[in-house]
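Colleague: Structure incoming, see below.
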Amino acid sequence: MHVAIGLVVLVASAAALAALARRFGVSEPLVLTLAGVAASYLPFVPAVHLEPEVVLLGLLPPLLYTAAIRTSLVDFRANIGTIASLSVGLVLFSTFAVAAVVWWLLPVPFAVAVALGAVVAPPDAVAATAVARRIGMPRRIVTILEDESLFNDATALVALRTAIAASAGAVSVWQAGGDFLLAAGGGALVGFAVAAVLAMLRRRISDPVLDTTLSFLAPFAAYLPAEGIHASGVIAVVTCGMILGHGAPVWQSAASRIAERTNWRTIQFILESSVFLIIGLQVRAILEGAWRSGLDHTTLVVSAIAVLLTVMVARPLWIFPWSLLFQRLGRSTTPLSYPTVVSWAGMRGVVTLAAVLLLPEDTPQLPVLKLLALVVVAGTLLLQGTSLPWLVRRLHLRGPSRSEDALQKADLLTQAANAGLAALDAAAGPDTPPQVVQSLRDRLTWRTNAAWERLGRAESEQRTPTAEYRRLRLEMLHAERETVLRVRDSGGMDYEILQHVLARLDLEESMIDRFDETEEERGEPLAAPAAAADCDHLRAAPLLRDPAEPDQCAECVAEGQAWVHLRMCLSCGHIACCDSSPGNHATKHYTATAHPVMRSVEPGEAWRWCYVDELLG
């Protein structure tokens, strides 16, 4: 009973604190950790001891899986060089940098120092994702941080196991290298195998409940066999999750995908919030244990500060040279601000505290090592987590353009709608009622227009036609539901029939398109009025001109990159790629030439954009 009450209080407190942090726009991990620290000193709060198995077997697989199924396999392939450099090279570099400092300052064997280095080396996927979501960074940076955090745990845990084995006996370099290859390759093979089996099962399951149950088993089905053969369970889970997430539109039904997204978002929120609160709750016990370890207190404080600084400095020392090397080799054209942000986004989290608990009880200075790991987690969350938004603003980095995203969404929906209309014309036969065909056409047109209306709306307009349709239909559904509930309360109809009718009403309400829900809640217009008179540059620019290099971005071709959409400068006709493309050459062209207006050259798009006034015309 005490355990059950404790879990209820823990989850409820974590959810309330996370909601409060979101309400005021502050870092959720930091708020939850500080709240846990404060609670650990309250007399009625029991001491919390987090077993490493709870984290490594119970928390880590689902947290990794929920991030992996939302990770783009295409983006991962495009950034695989950078991700490998961070998740393998940087982790090992940080491990031995910290090991050198610890070996110099503390009376511990070098193998133990390496073990601590492996513990504090990997940044945390939860912390990085939470900060990135809150402040809004360019998508390429977010992709790199999330993908790095998915794989660096594997490198750190393999290094930790090797260091623990070395502290107990001799371990050769060849044996350490073999262990790493087994962990990486074996984990990937297990992940592929589990994903293949689950994909085969999903093709034969149409019930969303059964499919979601299968999804809950997926991270553990990948993690446990991999760990059983001494491979990396982390890599197995991430590999399995990325494959299943990439193939979900083909293997799963629409109802199963919706159910899976909703359930995993809920699980992610509960686990993330609870984990950081638990970290804070352990602070008191770790501090007291280290303070009573018998080590000189001055040495203790100096060691904690030195390890924290080493962790924070090692990251830019590795990232900047590699960034310059990639640019020299022509494999990267990102501005200096990108590696600057990536080098500062090194917050540690739950894996670090779980890994330090894996150290054997007879490890020299174990209470001190736990304190050093705690200082790294708390220090990076406090120093880097709170200053990262300021750094992003200082470097003038922006998140994805809402107007650009809306344009791409409208363009993609138009392409899909054209394919749907072609399929309708091919499938409709002479016996098909004309009203059915027209109803389908109207529904498709309504959905596509909803996206384009959002772009063309002036600030003076209260609602688009689609938004008005949605408002009126929701009012109708509300009235229909009240009527059904009155019939239910009167007891005049079978309950199973009532439930079926209510489910149909709920399904229709959930299907009502909400393209601009977030922006409308904020009260922010997506784009400026479409009239060119609002901008001298738009008014002076031509509507169209002959392109200099039709159908391709010359810079992307030269750099071996793929573009997403093409734009044309209306001053010189230069063709360049959009902001969502890796090269971002349209913006770079404006920066170099100061030509103010460009327009889309994609089929079906006729909009122009002024860089100077940031207006859409």
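Simple scheme: letters A, B, ... for chains in structure tokens order, numbers from 1 for residues in each chain, numbers from 1 for ligands in the order shown.
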Can you tell me, as a PyMOL selection string, what residues are no more than 8 Å from A:Val392 when counting only C-alpha atoms, ignoring any on the same chain fewer than 4 positions away?

Modeller: chain A and resi 137+341+388+396-398

Colleague: Would you output that residue set with N, CA and C atoms, as a PDB file, in the first residue's frame?

Modeller:
```
ATOM      1  N   MET A 137      14.380  25.382 -32.116  1.00  0.00           N
ATOM      2  CA  MET A 137      15.645  25.516 -32.820  1.00  0.00           C
ATOM      3  C   MET A 137      15.487  25.028 -34.254  1.00  0.00           C
ATOM      4  N   VAL A 341      25.711  25.890 -30.995  1.00  0.00           N
ATOM      5  CA  VAL A 341      24.549  25.450 -30.220  1.00  0.00           C
ATOM      6  C   VAL A 341      24.670  23.975 -29.853  1.00  0.00           C
ATOM      7  N   LEU A 388      20.849  27.903 -22.729  1.00  0.00           N
ATOM      8  CA  LEU A 388      20.718  27.543 -24.132  1.00  0.00           C
ATOM      9  C   LEU A 388      19.700  28.405 -24.880  1.00  0.00           C
ATOM     10  N   HIS A 396      20.787  34.479 -33.213  1.00  0.00           N
ATOM     11  CA  HIS A 396      19.725  34.790 -34.182  1.00  0.00           C
ATOM     12  C   HIS A 396      19.280  33.553 -34.960  1.00  0.00           C
ATOM     13  N   LEU A 397      19.256  32.432 -34.271  1.00  0.00           N
ATOM     14  CA  LEU A 397      18.752  31.212 -34.881  1.00  0.00           C
ATOM     15  C   LEU A 397      17.243  31.134 -34.684  1.00  0.00           C
ATOM     16  N   ARG A 398      16.577  30.697 -35.676  1.00  0.00           N
ATOM     17  CA  ARG A 398      15.120  30.604 -35.609  1.00  0.00           C
ATOM     18  C   ARG A 398      14.687  29.162 -35.810  1.00  0.00           C
TER      19      ARG A 398
END
```

Colleague: I'd like to know which residues of stretch 337-472 of chain A are helix (DSSP H, G or I) (by DSSP, run on the backbone); could you write them as a VMD selection string?

Modeller: chain A and resid 337 to 344 350 to 356 366 to 394 402 to 427 434 to 456 465 to 472

Colleague: Taking 5 positions as the minimum chain separation for residues in the same chain, which residues sit within 10 Å of stretch 270-278 of chain A when counting only C-alpha atoms? Answer as number ranges by chain.

Modeller: A: 7, 10-19, 28-37, 39-40, 48-50, 55, 58-60, 62-63, 126-127, 130, 264-265, 283, 349-351

Colleague: Which residue gives the smallest distance to A:Leu474 among A:Ala419, A:Cys610, A:Val302, A:Ile512, with only C-alpha atoms counted?

Modeller: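 Counting only C-alpha atoms, the residue closest to A:Leu474 is A:Ile512.
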
Colleague: Within 10 Å of A:Leu214, counting only C-alpha atoms, which residues qualify if same-chain residues fewer than 6 places away don't, as a list in words?

Modeller: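 Once the adjacent positions are removed, what remains is Leu198, Leu201, Arg202, Ile205, Pro208, Ala221 and Glu260 of chain A.
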
Colleague: Residues of the last selection are to be written out with all heavy atoms, as a JSON list (two decimals), in the first residue's frame.

Modeller:
```
[["chain", "number", "residue", "atom", "x", "y", "z"],
["A", 198, "LEU", "N", 7.82, -8.02, -35.85],
["A", 198, "LEU", "CA", 6.69, -7.17, -35.49],
["A", 198, "LEU", "C", 6.00, -6.60, -36.73],
["A", 198, "LEU", "O", 4.77, -6.46, -36.75],
["A", 198, "LEU", "CB", 7.17, -6.04, -34.58],
["A", 198, "LEU", "CG", 7.68, -6.47, -33.20],
["A", 198, "LEU", "CD1", 8.17, -5.26, -32.41],
["A", 198, "LEU", "CD2", 6.59, -7.18, -32.42],
["A", 201, "LEU", "N", 3.74, -9.25, -38.05],
["A", 201, "LEU", "CA", 2.53, -9.38, -37.25],
["A", 201, "LEU", "C", 1.58, -8.20, -37.48],
["A", 201, "LEU", "O", 0.36, -8.38, -37.54],
["A", 201, "LEU", "CB", 2.91, -9.47, -35.77],
["A", 201, "LEU", "CG", 3.67, -10.73, -35.34],
["A", 201, "LEU", "CD1", 4.10, -10.61, -33.88],
["A", 201, "LEU", "CD2", 2.81, -11.96, -35.55],
["A", 202, "ARG", "N", 2.14, -7.01, -37.62],
["A", 202, "ARG", "CA", 1.29, -5.83, -37.78],
["A", 202, "ARG", "C", 0.51, -5.86, -39.09],
["A", 202, "ARG", "O", -0.58, -5.31, -39.18],
["A", 202, "ARG", "CB", 2.15, -4.56, -37.72],
["A", 202, "ARG", "CG", 2.45, -4.14, -36.30],
["A", 202, "ARG", "CD", 3.20, -2.83, -36.25],
["A", 202, "ARG", "NE", 3.11, -2.27, -34.91],
["A", 202, "ARG", "CZ", 3.72, -1.15, -34.54],
["A", 202, "ARG", "NH1", 4.47, -0.48, -35.41],
["A", 202, "ARG", "NH2", 3.59, -0.69, -33.31],
["A", 205, "ILE", "N", -2.69, -7.63, -38.25],
["A", 205, "ILE", "CA", -3.51, -7.16, -37.13],
["A", 205, "ILE", "C", -4.18, -5.84, -37.52],
["A", 205, "ILE", "O", -3.50, -4.89, -37.92],
["A", 205, "ILE", "CB", -2.64, -6.95, -35.87],
["A", 205, "ILE", "CG1", -2.11, -8.30, -35.37],
["A", 205, "ILE", "CG2", -3.46, -6.28, -34.76],
["A", 205, "ILE", "CD1", -1.17, -8.17, -34.18],
["A", 208, "PRO", "N", -6.87, -1.97, -33.29],
["A", 208, "PRO", "CA", -5.96, -1.00, -32.67],
["A", 208, "PRO", "C", -5.51, -1.40, -31.26],
["A", 208, "PRO", "O", -4.39, -1.10, -30.86],
["A", 208, "PRO", "CB", -6.78, 0.29, -32.63],
["A", 208, "PRO", "CG", -7.81, 0.13, -33.68],
["A", 208, "PRO", "CD", -8.13, -1.32, -33.71],
["A", 221, "ALA", "N", 11.00, -6.35, -26.19],
["A", 221, "ALA", "CA", 11.31, -7.48, -27.07],
["A", 221, "ALA", "C", 12.63, -7.28, -27.78],
["A", 221, "ALA", "O", 13.31, -8.25, -28.14],
["A", 221, "ALA", "CB", 10.19, -7.67, -28.09],
["A", 260, "GLU", "N", -1.46, 4.45, -31.23],
["A", 260, "GLU", "CA", -0.07, 4.32, -30.80],
["A", 260, "GLU", "C", 0.53, 5.68, -30.46],
["A", 260, "GLU", "O", 1.20, 5.83, -29.44],
["A", 260, "GLU", "CB", 0.75, 3.65, -31.91],
["A", 260, "GLU", "CG", 2.20, 3.42, -31.50],
["A", 260, "GLU", "CD", 3.01, 2.78, -32.61],
["A", 260, "GLU", "OE1", 2.84, 3.21, -33.78],
["A", 260, "GLU", "OE2", 3.82, 1.90, -32.32]]
```

Colleague: Hey, what's within 12 Å of A:Leu566 if we count only C-alpha atoms and toss same-chain stuff fewer than 6 positions away? As a VMD selection string, please?

Modeller: chain A and resid 404 408 547 549 to 556 573 to 581 583 to 587 598 to 603 605

Colleague: With distances taken over only C-alpha atoms, which residue among A:Gly117, A:Pro138, A:Pro249, A:Gly492 lies nearest A:Arg393?

Modeller: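 Closest to A:Arg393 of all the choices is A:Pro138.
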
Colleague: Leaving out A:Met347 and any residue of its chain fewer than 4 positions from it, which residues lie within 6 Å of it when counting only C-alpha atoms, given as a PyMOL selection string?

Modeller: chain A and resi 123+380-381

Colleague: Write out as a ChimeraX atom specification the residues lying within 8 Å of stretch 145-149 of chain A, counting only C-alpha atoms and excluding same-chain residues fewer than 4 positions away.

Modeller: /A:67,71,76,83-84,86-87,122-125,128-129,141,153,342,345

Colleague: Distance atom CA of A:Asp179-atom CA of A:Gly346, one decimal place?

Modeller: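 Atom CA of A:Gly346 lies at a distance of 26.3 Å from atom CA of A:Asp179.
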